[in-house]
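S.K.: Got a structure for you, written out below as structure tokens; questions coming shortly.
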Amino acid sequence: MSDQKKIQRRTFCKALGASALAPAVLSGRAHADIGVRRSVRRGIDVCEEIPSLCDLCFWRCGILAKVKQGRLVRIEGNPDHPRNKGRLCARGTGGRHLVEDPDRLRTPLLRTGDRGEGRWKPISWDQALDLWAEKMRATIDEHGPGAIGLFSHGLSSRFLSNFATHLGCPNNSAPSFGQCRGPRDVGFQLTFGDGPGSPARHDMARSRMIVLIGCHIGENVQTGQVMEFAEALGRGARLVVVDPRMSVAASKADRWLQIRPGTDTALLLAWIHILIAECLYDREYVERYTTGFDELREAIAPYRPEWAAEVTQIPREVIEAEARAMAERKPAVLIHCGRFAAWYGNDTQRARAMAILTALLGAWGRPGGYYMKSDVTLGPPPCPPPHEGMDRSVATGRHAFTHFGVAAQEIVEASIGRGARIRQWIFCAVNPAHSIPDFRRTREAMRSLDFITMIDMIPTEGALWADLILPEASYLERHDDVLAVVDHPRPFVALRQPVVQPVGQSKGLYWIVQKLAHRLGHDDCFTQPDVTGYLDARLAPLGLTCEQLAREGVHLLDEQQPFLAEGQDFRFETPSGRIELHSETMKSQGYQPLPTFEPVEQPPMGWFRLVSGRSPYHSFARTQNLPRLMEKDPENHLWLNQGVAEAKGLATGDEVFLQNEDGVRTGPIPLLVTPAIRTDVVYMVHGYGSRSRALGRAYASGVSDNVLTSRFRADGPTGGTGIRVNFVQLVTRDGREIPGEFEQCRLQRSSLPPVPEAVAPVEITPDTGAGSSEQKQEIKEVDDTPAEPPADNGFFSVKPEESC
């Protein structure tokens with residue numbers, strides 16, 4: 001550790017007024033009576049076993065905390081939890097180290113230097129809350145509640161989001177929507193009247209075929225999903241993975257389709273074309289439940305498989321064979337919706353294509369596909385609706401389907417300059433340096449703001465810019481709102497509760513927001529004196545109490561109908577009451593009512609498209625300071641194609657720098673040279689490269705991909721920030737390009753063919769169904785080895801389409 005780094009950390013710890021972290025002690029009603037499930041004897045030791053929920057990914061697995069003499073000694077999976085069934089990933093078990101992290105925030109802090117310097121002084125909670133309320137009141141009185149921007153994440157932030165809505169503030173941006181799943185959710189909602197859920201309602205264990213499009217199961221490690229994935233493969237499900245990189249899932253696939261980046265929609269449209277042209281779709285399902293099929297049949301006609309082959313660089317016969325394989329196995333075919341969906345700025349339409357393909361296969365509401373959402377009725381949230389409606393004076397209205405607040409970049413742009421409409425920001429468990437693209441603009445906005453408040457457990461980069469820092473208790477030290485799970489075949493409720501006392505003066509969000517609300521005169525909010533009383537009110541409609549759920553950890557509710565019955569009439573939550581293949585809602589907002597292919601810019605020679613993903617040991621930047629997890633995965637690597645590396649004289653372990661089109665340079669980062677990635681792509685794990693010196697382990701460990709994400713393309717319907725539009729070069733420390741060309745680079749970077757013009761609708765002969773002996777034979781005869789890109793366009797001869 002450098003002397004400068006030691007000094008910075010020593011200064012930070014002095015500001016905290018912290019001594020060595022004392023063991024947390026379990027005491028009081030909120031910790032002992034409610035939390036303890038039973039005592040467990042291990043030899044001569046007796047541990048208290050307390051059920052709760054993990055918080056290191058959105059899966060929120062059930063955990064059992066083993067507490068000995070008030071100290072958390074172990075975390076195990078809860079076998080009674082229906083999602084993870086007693087299993088946990090490395091992050092889940094390693095989360096216990098968060099409690100004893102020496103860099104934890106322990107007391108409220110007030111900035112004393114310039115923004116970005118990272119200098120603070122400790123203050124009391126009363127001082128902190130009085131100051132925050134004063135700044136909030138001044139902003140609202142002068143500019144209205146729309147002048148506040150909130151960036152929030154996680155279950156605990158619901159208390160703050162609910163209060164912001166009560167105030168009439170619409171500017172709530174969640175990275176989980178704008179930088180992750182927003183386009184996916186909206187695409188499915190426009191089609192089926194409901195999103196795919198979170199976690200998604202995949203009936204994967206019973207799938208006969210699984211199609212993953214840029215989805216990295218096994219690397220993003222949601223425990224229950226991995227378990228179901230393994231069960232499906234063990235039962236013989238066919239697996240097709242569409243990805244420019246051989247991910248862990250791709251290494252287990254029956255077929256890996258090494259697609260040209262940005263052309264996934266072309267592949268989906270070709271599959272839809274084949275299902276319709278060859279009468280392979282589920283005709284009974286489509287006729288009973290959908291609307292807009294004739295419009296789809298007409299619009300899909302130009303997207304022939306031979307055109308898609310040239311666009312995607314996947315051979316035509318492979319595209320056709322996989323479409324027929326889906327048809328043979330329908331309806332138990334899972335077109336996995338993925339999670340991270342903000343790629344290229346045309347992402348809602350790609351999600352619409354995935355949803356339409358799902359509908360044609362009859363897989364929505366059918367075993368092996370997607371199951372239906374359940375209903376759970378809880379008591380009211382802590383705040384009533386806004387008295388005077390939402391303050392829409394700041395919202396731009398550019399994106400029609402942002403069902404969870406506004407896009408992050410809109411808050412950023414509305415916060416820059418003297419005439420900025422947004423004057424104050426709140427970060428709640430959000431790190432702007434890693435979660436918002438183009439940090440240069442974010443930094444410029446933060447310099448312009450009147451006030452910034454950060455609520456978090458650890459001093460991330462956001463702390464460097466905050467005027468006020470409020471220490472939040474960790475997920476192992478607090479209650480959160482009731483987790484009502486409707487995205488499961490059998491609905492249930494679960495509780496996150498404290499298993500040890502909070503470190504220092506850290507507090508849960510219910511307490512923090514309650515004190516703020518009452519200081520602002522909103523006594524109609526957070527009316528219960530403490531969070532357990534609120535939880536009792538939330539659970540009352542179910543006939544449960546907080547104490548009962550705390551003992552059980554999870555409570556299963558009556559099973560509802562997860563699947564459509566044979567021949568059942570059903571009204572979907574769309575304007576028409578049917579599955580909308582053709583979306584009048586999209587059309588009314590000025591968007592194409594059916595998915596179309598929009599070409600994306602391809603990297604020129606010497607440049608690579610930058611893509612990123614997940615580590616099974618880390619939750620983005622949230623776990624980078626935990627010792628056991630950093631031991632397993634201390635830094636990220638840059639995946640580089642083997643042929644490209646050899647042409648440049650590079651090998652695994654060599655360190656390079658990366659420079660993007662805007663001249664932003666970062667590094668060094670070690671190489672992982674492999675044939676398992678395309679020549680026009682480089683890949684790294686997201687979340688590394690912390691620049692907060694207050695984090696002893698995370699600081700300067702690895703390289704941040706977000707530093708290089710200085711460009712994005714906003715998705716029209718949602719505003720989701722498509723970030724896979726950044727190109728980088730491999731350079732030396734002083735910015736000189738590392739020379740060397742690989743011939744296959746030119747083949748994989750060939751120009752895209754034009755988007756086909758409209759032709760006559762696909763002709764359908766309804767006498768031939770899926771799975772004929774001729775079609776089955778063709779599936780068997782196609783080689784399953786990964787497809788090499790074509791040497792020239794002559795490979796893709798266009799033949800007259802044969803009707804079925």
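A note on labels: chains of the structure tokens are A, B, ... as shown, every chain counts residues from 1, and ligands are counted from 1 in their shown order.
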Contacts of segment 99-114 of chain A at 6 Å or less, counting only C-alpha atoms, minus same-chain residues fewer than 6 places along, as a PyMOL selection string?
M.R.: chain A and resi 120-123+457-458+467-471+504-506
S.K.: Assign secondary structure with DSSP using the backbone only, and return the residues of segment 523-769 of chain A in alpha helix (DSSP H) as a ChimeraX atom specification.
M.R.: /A:531-539,546-552,584-588,627-632,642-648,705-708,743-748
S.K.: Excluding Phe620 of chain A and any residue of its chain fewer than 5 positions from it, enumerate the residues within 9 Å of it, using only C-alpha atoms, and give them as a list of chain:residue names.
M.R.: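 Contacts, with the query itself left out: A:His434, A:Arg614, A:Ser615, A:Val685, A:His686, A:Gly687, A:Tyr688.
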S.K.: Okay, now the selection with all heavy atoms, as a PDB file, in the first residue's frame?
M.R.:
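Contents of the output file again-v8.pdb:
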ATOM      1  N   HIS A 434     -19.822   3.912 -11.031  1.00  0.00           N
ATOM      2  CA  HIS A 434     -19.905   2.596 -11.668  1.00  0.00           C
ATOM      3  C   HIS A 434     -21.266   2.314 -12.296  1.00  0.00           C
ATOM      4  O   HIS A 434     -21.392   1.362 -13.066  1.00  0.00           O
ATOM      5  CB  HIS A 434     -19.589   1.496 -10.655  1.00  0.00           C
ATOM      6  CG  HIS A 434     -18.149   1.417 -10.268  1.00  0.00           C
ATOM      7  ND1 HIS A 434     -17.190   0.806 -11.044  1.00  0.00           N
ATOM      8  CD2 HIS A 434     -17.490   1.909  -9.191  1.00  0.00           C
ATOM      9  CE1 HIS A 434     -16.006   0.900 -10.459  1.00  0.00           C
ATOM     10  NE2 HIS A 434     -16.164   1.574  -9.334  1.00  0.00           N
ATOM     11  N   ARG A 614     -20.223 -10.228 -15.541  1.00  0.00           N
ATOM     12  CA  ARG A 614     -20.238 -10.422 -14.096  1.00  0.00           C
ATOM     13  C   ARG A 614     -19.190 -11.441 -13.666  1.00  0.00           C
ATOM     14  O   ARG A 614     -18.791 -12.311 -14.422  1.00  0.00           O
ATOM     15  CB  ARG A 614     -21.616 -10.910 -13.661  1.00  0.00           C
ATOM     16  CG  ARG A 614     -22.766  -9.981 -13.949  1.00  0.00           C
ATOM     17  CD  ARG A 614     -22.817  -8.815 -13.016  1.00  0.00           C
ATOM     18  NE  ARG A 614     -22.945  -9.238 -11.632  1.00  0.00           N
ATOM     19  CZ  ARG A 614     -24.117  -9.510 -11.039  1.00  0.00           C
ATOM     20  NH1 ARG A 614     -25.243  -9.392 -11.720  1.00  0.00           N
ATOM     21  NH2 ARG A 614     -24.155  -9.889  -9.774  1.00  0.00           N
ATOM     22  N   SER A 615     -18.788 -11.311 -12.407  1.00  0.00           N
ATOM     23  CA  SER A 615     -17.978 -12.327 -11.746  1.00  0.00           C
ATOM     24  C   SER A 615     -18.858 -13.080 -10.765  1.00  0.00           C
ATOM     25  O   SER A 615     -19.666 -12.462 -10.062  1.00  0.00           O
ATOM     26  CB  SER A 615     -16.815 -11.677 -10.985  1.00  0.00           C
ATOM     27  OG  SER A 615     -16.271 -12.575 -10.028  1.00  0.00           O
ATOM     28  N   VAL A 685     -14.856  -7.975 -16.751  1.00  0.00           N
ATOM     29  CA  VAL A 685     -15.868  -8.006 -15.709  1.00  0.00           C
ATOM     30  C   VAL A 685     -16.087  -6.593 -15.183  1.00  0.00           C
ATOM     31  O   VAL A 685     -15.130  -5.845 -14.957  1.00  0.00           O
ATOM     32  CB  VAL A 685     -15.456  -8.962 -14.575  1.00  0.00           C
ATOM     33  CG1 VAL A 685     -16.390  -8.828 -13.375  1.00  0.00           C
ATOM     34  CG2 VAL A 685     -15.449 -10.397 -15.074  1.00  0.00           C
ATOM     35  N   HIS A 686     -17.347  -6.251 -14.975  1.00  0.00           N
ATOM     36  CA  HIS A 686     -17.724  -4.926 -14.489  1.00  0.00           C
ATOM     37  C   HIS A 686     -17.581  -4.837 -12.972  1.00  0.00           C
ATOM     38  O   HIS A 686     -17.736  -5.822 -12.265  1.00  0.00           O
ATOM     39  CB  HIS A 686     -19.192  -4.659 -14.873  1.00  0.00           C
ATOM     40  CG  HIS A 686     -19.791  -3.437 -14.240  1.00  0.00           C
ATOM     41  ND1 HIS A 686     -19.471  -2.165 -14.630  1.00  0.00           N
ATOM     42  CD2 HIS A 686     -20.683  -3.301 -13.235  1.00  0.00           C
ATOM     43  CE1 HIS A 686     -20.154  -1.292 -13.912  1.00  0.00           C
ATOM     44  NE2 HIS A 686     -20.894  -1.966 -13.045  1.00  0.00           N
ATOM     45  N   GLY A 687     -17.288  -3.631 -12.465  1.00  0.00           N
ATOM     46  CA  GLY A 687     -17.322  -3.377 -11.031  1.00  0.00           C
ATOM     47  C   GLY A 687     -15.979  -3.127 -10.390  1.00  0.00           C
ATOM     48  O   GLY A 687     -15.918  -2.703  -9.231  1.00  0.00           O
ATOM     49  N   TYR A 688     -14.890  -3.377 -11.089  1.00  0.00           N
ATOM     50  CA  TYR A 688     -13.564  -3.169 -10.532  1.00  0.00           C
ATOM     51  C   TYR A 688     -13.111  -1.719 -10.743  1.00  0.00           C
ATOM     52  O   TYR A 688     -13.788  -0.913 -11.367  1.00  0.00           O
ATOM     53  CB  TYR A 688     -12.562  -4.111 -11.197  1.00  0.00           C
ATOM     54  CG  TYR A 688     -12.684  -5.546 -10.766  1.00  0.00           C
ATOM     55  CD1 TYR A 688     -13.543  -6.424 -11.421  1.00  0.00           C
ATOM     56  CD2 TYR A 688     -11.926  -6.048  -9.716  1.00  0.00           C
ATOM     57  CE1 TYR A 688     -13.644  -7.747 -11.038  1.00  0.00           C
ATOM     58  CE2 TYR A 688     -12.017  -7.378  -9.328  1.00  0.00           C
ATOM     59  CZ  TYR A 688     -12.875  -8.221  -9.992  1.00  0.00           C
ATOM     60  OH  TYR A 688     -12.986  -9.524  -9.611  1.00  0.00           O
TER      61      TYR A 688
END
S.K.: Which residues are near Ala420 of chain A? Cut-off 12 Å, only C-alpha atoms, ignore same chain within fewer than 5 positions. Put them as a ChimeraX atom specification.
M.R.: /A:143,146-149,394,410-415,444-450
S.K.: Keeping only N, CA and C atoms, take the residues you just selected and write them out as a CSV table (one decimal), in the first residue's frame.
M.R.:
chain,number,residue,atom,x,y,z
A,143,HIS,N,-37.9,25.7,-5.7
A,143,HIS,CA,-38.0,25.1,-7.1
A,143,HIS,C,-39.0,24.0,-7.3
A,146,GLY,N,-39.9,18.7,-7.9
A,146,GLY,CA,-39.2,18.2,-9.1
A,146,GLY,C,-37.8,18.5,-9.2
A,147,ALA,N,-37.3,19.4,-8.3
A,147,ALA,CA,-35.9,19.8,-8.4
A,147,ALA,C,-35.0,18.9,-7.6
A,148,ILE,N,-35.5,17.8,-7.1
A,148,ILE,CA,-34.8,16.8,-6.4
A,148,ILE,C,-34.6,15.6,-7.3
A,149,GLY,N,-33.4,15.0,-7.4
A,149,GLY,CA,-33.1,13.8,-8.1
A,149,GLY,C,-32.7,12.7,-7.2
A,394,VAL,N,-39.9,19.0,-14.4
A,394,VAL,CA,-38.5,18.7,-14.8
A,394,VAL,C,-38.5,17.6,-15.8
A,410,GLU,N,-31.2,11.8,-18.0
A,410,GLU,CA,-32.1,12.9,-18.0
A,410,GLU,C,-31.9,13.7,-16.7
A,411,ILE,N,-31.7,13.0,-15.6
A,411,ILE,CA,-31.5,13.7,-14.3
A,411,ILE,C,-30.1,14.4,-14.4
A,412,VAL,N,-29.1,13.7,-14.9
A,412,VAL,CA,-27.8,14.3,-15.1
A,412,VAL,C,-27.9,15.6,-15.9
A,413,GLU,N,-28.4,15.5,-17.1
A,413,GLU,CA,-28.5,16.7,-18.0
A,413,GLU,C,-29.3,17.8,-17.4
A,414,ALA,N,-30.3,17.5,-16.7
A,414,ALA,CA,-31.2,18.5,-16.1
A,414,ALA,C,-30.5,19.2,-14.8
A,415,SER,N,-29.3,18.7,-14.5
A,415,SER,CA,-28.6,19.2,-13.3
A,415,SER,C,-27.4,20.0,-13.6
A,444,GLU,N,-19.6,16.7,-13.9
A,444,GLU,CA,-20.0,18.1,-14.2
A,444,GLU,C,-21.3,18.5,-13.5
A,445,ALA,N,-22.2,17.5,-13.5
A,445,ALA,CA,-23.5,17.8,-12.8
A,445,ALA,C,-23.3,18.0,-11.3
A,446,MET,N,-22.5,17.1,-10.7
A,446,MET,CA,-22.3,17.1,-9.3
A,446,MET,C,-21.6,18.4,-8.8
A,447,ARG,N,-20.8,18.9,-9.7
A,447,ARG,CA,-20.2,20.2,-9.4
A,447,ARG,C,-21.2,21.4,-9.4
A,448,SER,N,-22.3,21.2,-10.1
A,448,SER,CA,-23.3,22.3,-10.2
A,448,SER,C,-24.4,22.3,-9.2
A,449,LEU,N,-24.5,21.2,-8.5
A,449,LEU,CA,-25.7,21.0,-7.6
A,449,LEU,C,-25.5,21.8,-6.3
A,450,ASP,N,-26.7,22.1,-5.7
A,450,ASP,CA,-26.7,22.8,-4.4
A,450,ASP,C,-26.3,21.9,-3.3
S.K.: If we count only C-alpha atoms, what is near segment 556-567 of chain A at a cut-off of 7 Å, once residues fewer than 4 positions away on the same chain are taken out, given as number ranges by chain?
M.R.: A: 365-367, 371-374, 489-493
S.K.: Could you give me, as a list of chain:residue names, the residues within 12 Å of Leu544 of chain A, counting only C-alpha atoms and dropping anything in the same chain fewer than 5 positions from it?
M.R.: A:Thr377, A:Leu378, A:Gly379, A:Val482, A:Phe492, A:Val493, A:Ala494, A:Leu495, A:Leu535, A:Asp536, A:Ala537, A:Arg538, A:Leu539, A:Leu549, A:Ala550, A:Arg551, A:Glu552, A:Val554, A:His555, A:Leu556, A:Leu557
S.K.: Next, the residues of the selection above should be written as a PDB file, in the first residue's frame with C-alpha atoms.
M.R.:
ATOM      1  CA  THR A 377     -52.095  -8.300  -0.766  1.00  0.00           C
ATOM      2  CA  LEU A 378     -50.155  -6.316   1.827  1.00  0.00           C
ATOM      3  CA  GLY A 379     -51.071  -3.372   4.007  1.00  0.00           C
ATOM      4  CA  VAL A 482     -41.755  -7.126   3.612  1.00  0.00           C
ATOM      5  CA  PHE A 492     -44.642 -16.293  -0.433  1.00  0.00           C
ATOM      6  CA  VAL A 493     -43.535 -13.526   1.886  1.00  0.00           C
ATOM      7  CA  ALA A 494     -40.129 -13.281   3.535  1.00  0.00           C
ATOM      8  CA  LEU A 495     -38.427 -10.981   5.988  1.00  0.00           C
ATOM      9  CA  LEU A 535     -44.260  -4.508   9.393  1.00  0.00           C
ATOM     10  CA  ASP A 536     -47.131  -5.752  11.554  1.00  0.00           C
ATOM     11  CA  ALA A 537     -49.470  -3.422   9.628  1.00  0.00           C
ATOM     12  CA  ARG A 538     -48.073  -4.593   6.287  1.00  0.00           C
ATOM     13  CA  LEU A 539     -48.589  -8.255   7.168  1.00  0.00           C
ATOM     14  CA  LEU A 549     -42.519 -14.118  10.131  1.00  0.00           C
ATOM     15  CA  ALA A 550     -39.251 -13.360  11.912  1.00  0.00           C
ATOM     16  CA  ARG A 551     -39.302 -16.822  13.488  1.00  0.00           C
ATOM     17  CA  GLU A 552     -40.215 -18.554  10.225  1.00  0.00           C
ATOM     18  CA  VAL A 554     -40.345 -17.275   4.995  1.00  0.00           C
ATOM     19  CA  HIS A 555     -44.076 -18.032   4.819  1.00  0.00           C
ATOM     20  CA  LEU A 556     -45.630 -19.847   1.872  1.00  0.00           C
ATOM     21  CA  LEU A 557     -49.068 -18.654   0.750  1.00  0.00           C
TER      22      LEU A 557
END
S.K.: Pick out the residues sitting within 9 Å of Arg184 of chain A, and hand them over as an MDAnalysis selection string; count only C-alpha atoms, and ignore anything fewer than 4 positions along from it in its own chain.
M.R.: chainID A and resid 180 188:189 195:196 337:342 347:352
S.K.: For the residues in the current selection, export C-alpha atoms as a PDB file, in the first residue's frame.
M.R.:
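Written output follows (result.pdb):
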ATOM      1  CA  CYS A 180     -30.179  -3.038 -16.683  1.00  0.00           C
ATOM      2  CA  PHE A 188     -42.602  -7.980 -22.448  1.00  0.00           C
ATOM      3  CA  GLN A 189     -45.170  -5.744 -20.753  1.00  0.00           C
ATOM      4  CA  GLY A 195     -43.171  -7.948 -17.418  1.00  0.00           C
ATOM      5  CA  PRO A 196     -41.273 -11.225 -17.019  1.00  0.00           C
ATOM      6  CA  CYS A 337     -35.380 -12.841 -21.192  1.00  0.00           C
ATOM      7  CA  GLY A 338     -31.999 -12.144 -19.567  1.00  0.00           C
ATOM      8  CA  ARG A 339     -31.414  -9.378 -17.050  1.00  0.00           C
ATOM      9  CA  PHE A 340     -28.931  -6.802 -18.355  1.00  0.00           C
ATOM     10  CA  ALA A 341     -30.710  -5.602 -21.504  1.00  0.00           C
ATOM     11  CA  ALA A 342     -29.428  -2.049 -22.158  1.00  0.00           C
ATOM     12  CA  ASP A 347     -33.308  -2.752 -26.846  1.00  0.00           C
ATOM     13  CA  THR A 348     -37.060  -2.556 -26.269  1.00  0.00           C
ATOM     14  CA  GLN A 349     -37.637  -3.776 -29.817  1.00  0.00           C
ATOM     15  CA  ARG A 350     -35.217  -6.659 -29.258  1.00  0.00           C
ATOM     16  CA  ALA A 351     -37.162  -7.577 -26.116  1.00  0.00           C
ATOM     17  CA  ARG A 352     -40.399  -7.324 -28.109  1.00  0.00           C
TER      18      ARG A 352
END
S.K.: Nearest residue to Ile452 of chain A out of A:Cys383, A:Leu150, A:Val226, A:Leu190, using only C-alpha atoms?
M.R.: A:Leu150
S.K.: Can you write out as a tab-separated table which residues of segment 152-195 of chain A fall within 6 Å of segment 573-579 of chain A, alongside each residue's closest atom pair and its distance in Å to one decimal, counting only C-alpha atoms and ordering rows by chain and ascending residue number?
M.R.:
residue	atom	partner	partner_atom	distance
A:Thr191	CA	A:Ile579	CA	5.6
A:Phe192	CA	A:Ile579	CA	5.0
A:Gly193	CA	A:Glu573	CA	4.3
S.K.: Quick one: write out the picked residues with N, CA and C atoms as an mmCIF file, in the first residue's frame?
M.R.:
data_model
loop_
_atom_site.group_PDB
_atom_site.id
_atom_site.type_symbol
_atom_site.label_atom_id
_atom_site.label_comp_id
_atom_site.auth_asym_id
_atom_site.auth_seq_id
_atom_site.Cartn_x
_atom_site.Cartn_y
_atom_site.Cartn_z
ATOM 1 N N THR A 191 -46.228 -6.557 -24.739
ATOM 2 C CA THR A 191 -46.701 -7.737 -25.461
ATOM 3 C C THR A 191 -47.719 -8.530 -24.650
ATOM 4 N N PHE A 192 -47.374 -8.821 -23.390
ATOM 5 C CA PHE A 192 -48.214 -9.703 -22.565
ATOM 6 C C PHE A 192 -49.037 -8.952 -21.515
ATOM 7 N N GLY A 193 -48.800 -7.651 -21.360
ATOM 8 C CA GLY A 193 -49.485 -6.905 -20.315
ATOM 9 C C GLY A 193 -48.815 -7.026 -18.971
#
S.K.: So how many Å separate atom CA of Phe657 of chain A and atom CA of Asp633 of chain A, to one decimal?
M.R.: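 Value for the atom CA of Phe657 of chain A-atom CA of Asp633 of chain A distance: 20.2 Å.
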S.K.: Tell me which of A:Glu134, A:Glu743, A:Glu322, A:Asp662 sits closest to Asp254 of chain A, counting only C-alpha atoms.
M.R.: A:Glu322
S.K.: Between atom CA of Val656 of chain A and atom CA of Thr721 of chain A, measure the distance and give it in Å to one decimal.
M.R.: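 These atoms are spaced 27.4 Å apart.
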S.K.: Give me, please, the distance in Å between atom CA of Glu48 of chain A and atom CA of His618 of chain A, quoted to one decimal.
M.R.: 27.7 Å
S.K.: For each of A:Gly292, A:Pro199, A:Gly224, A:Met136, take the minimum atom-to-atom distance to Leu88 of chain A, counting only C-alpha atoms, then give the residue where this is smallest.
M.R.: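 So, comparing all the options, the nearest one is A:Gly224.
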S.K.: Would you mind telling me which residue in A:Pro541, A:Gly735, A:Pro593, A:Gly720 lies nearest to Gly667 of chain A when using only C-alpha atoms?
M.R.: A:Gly735
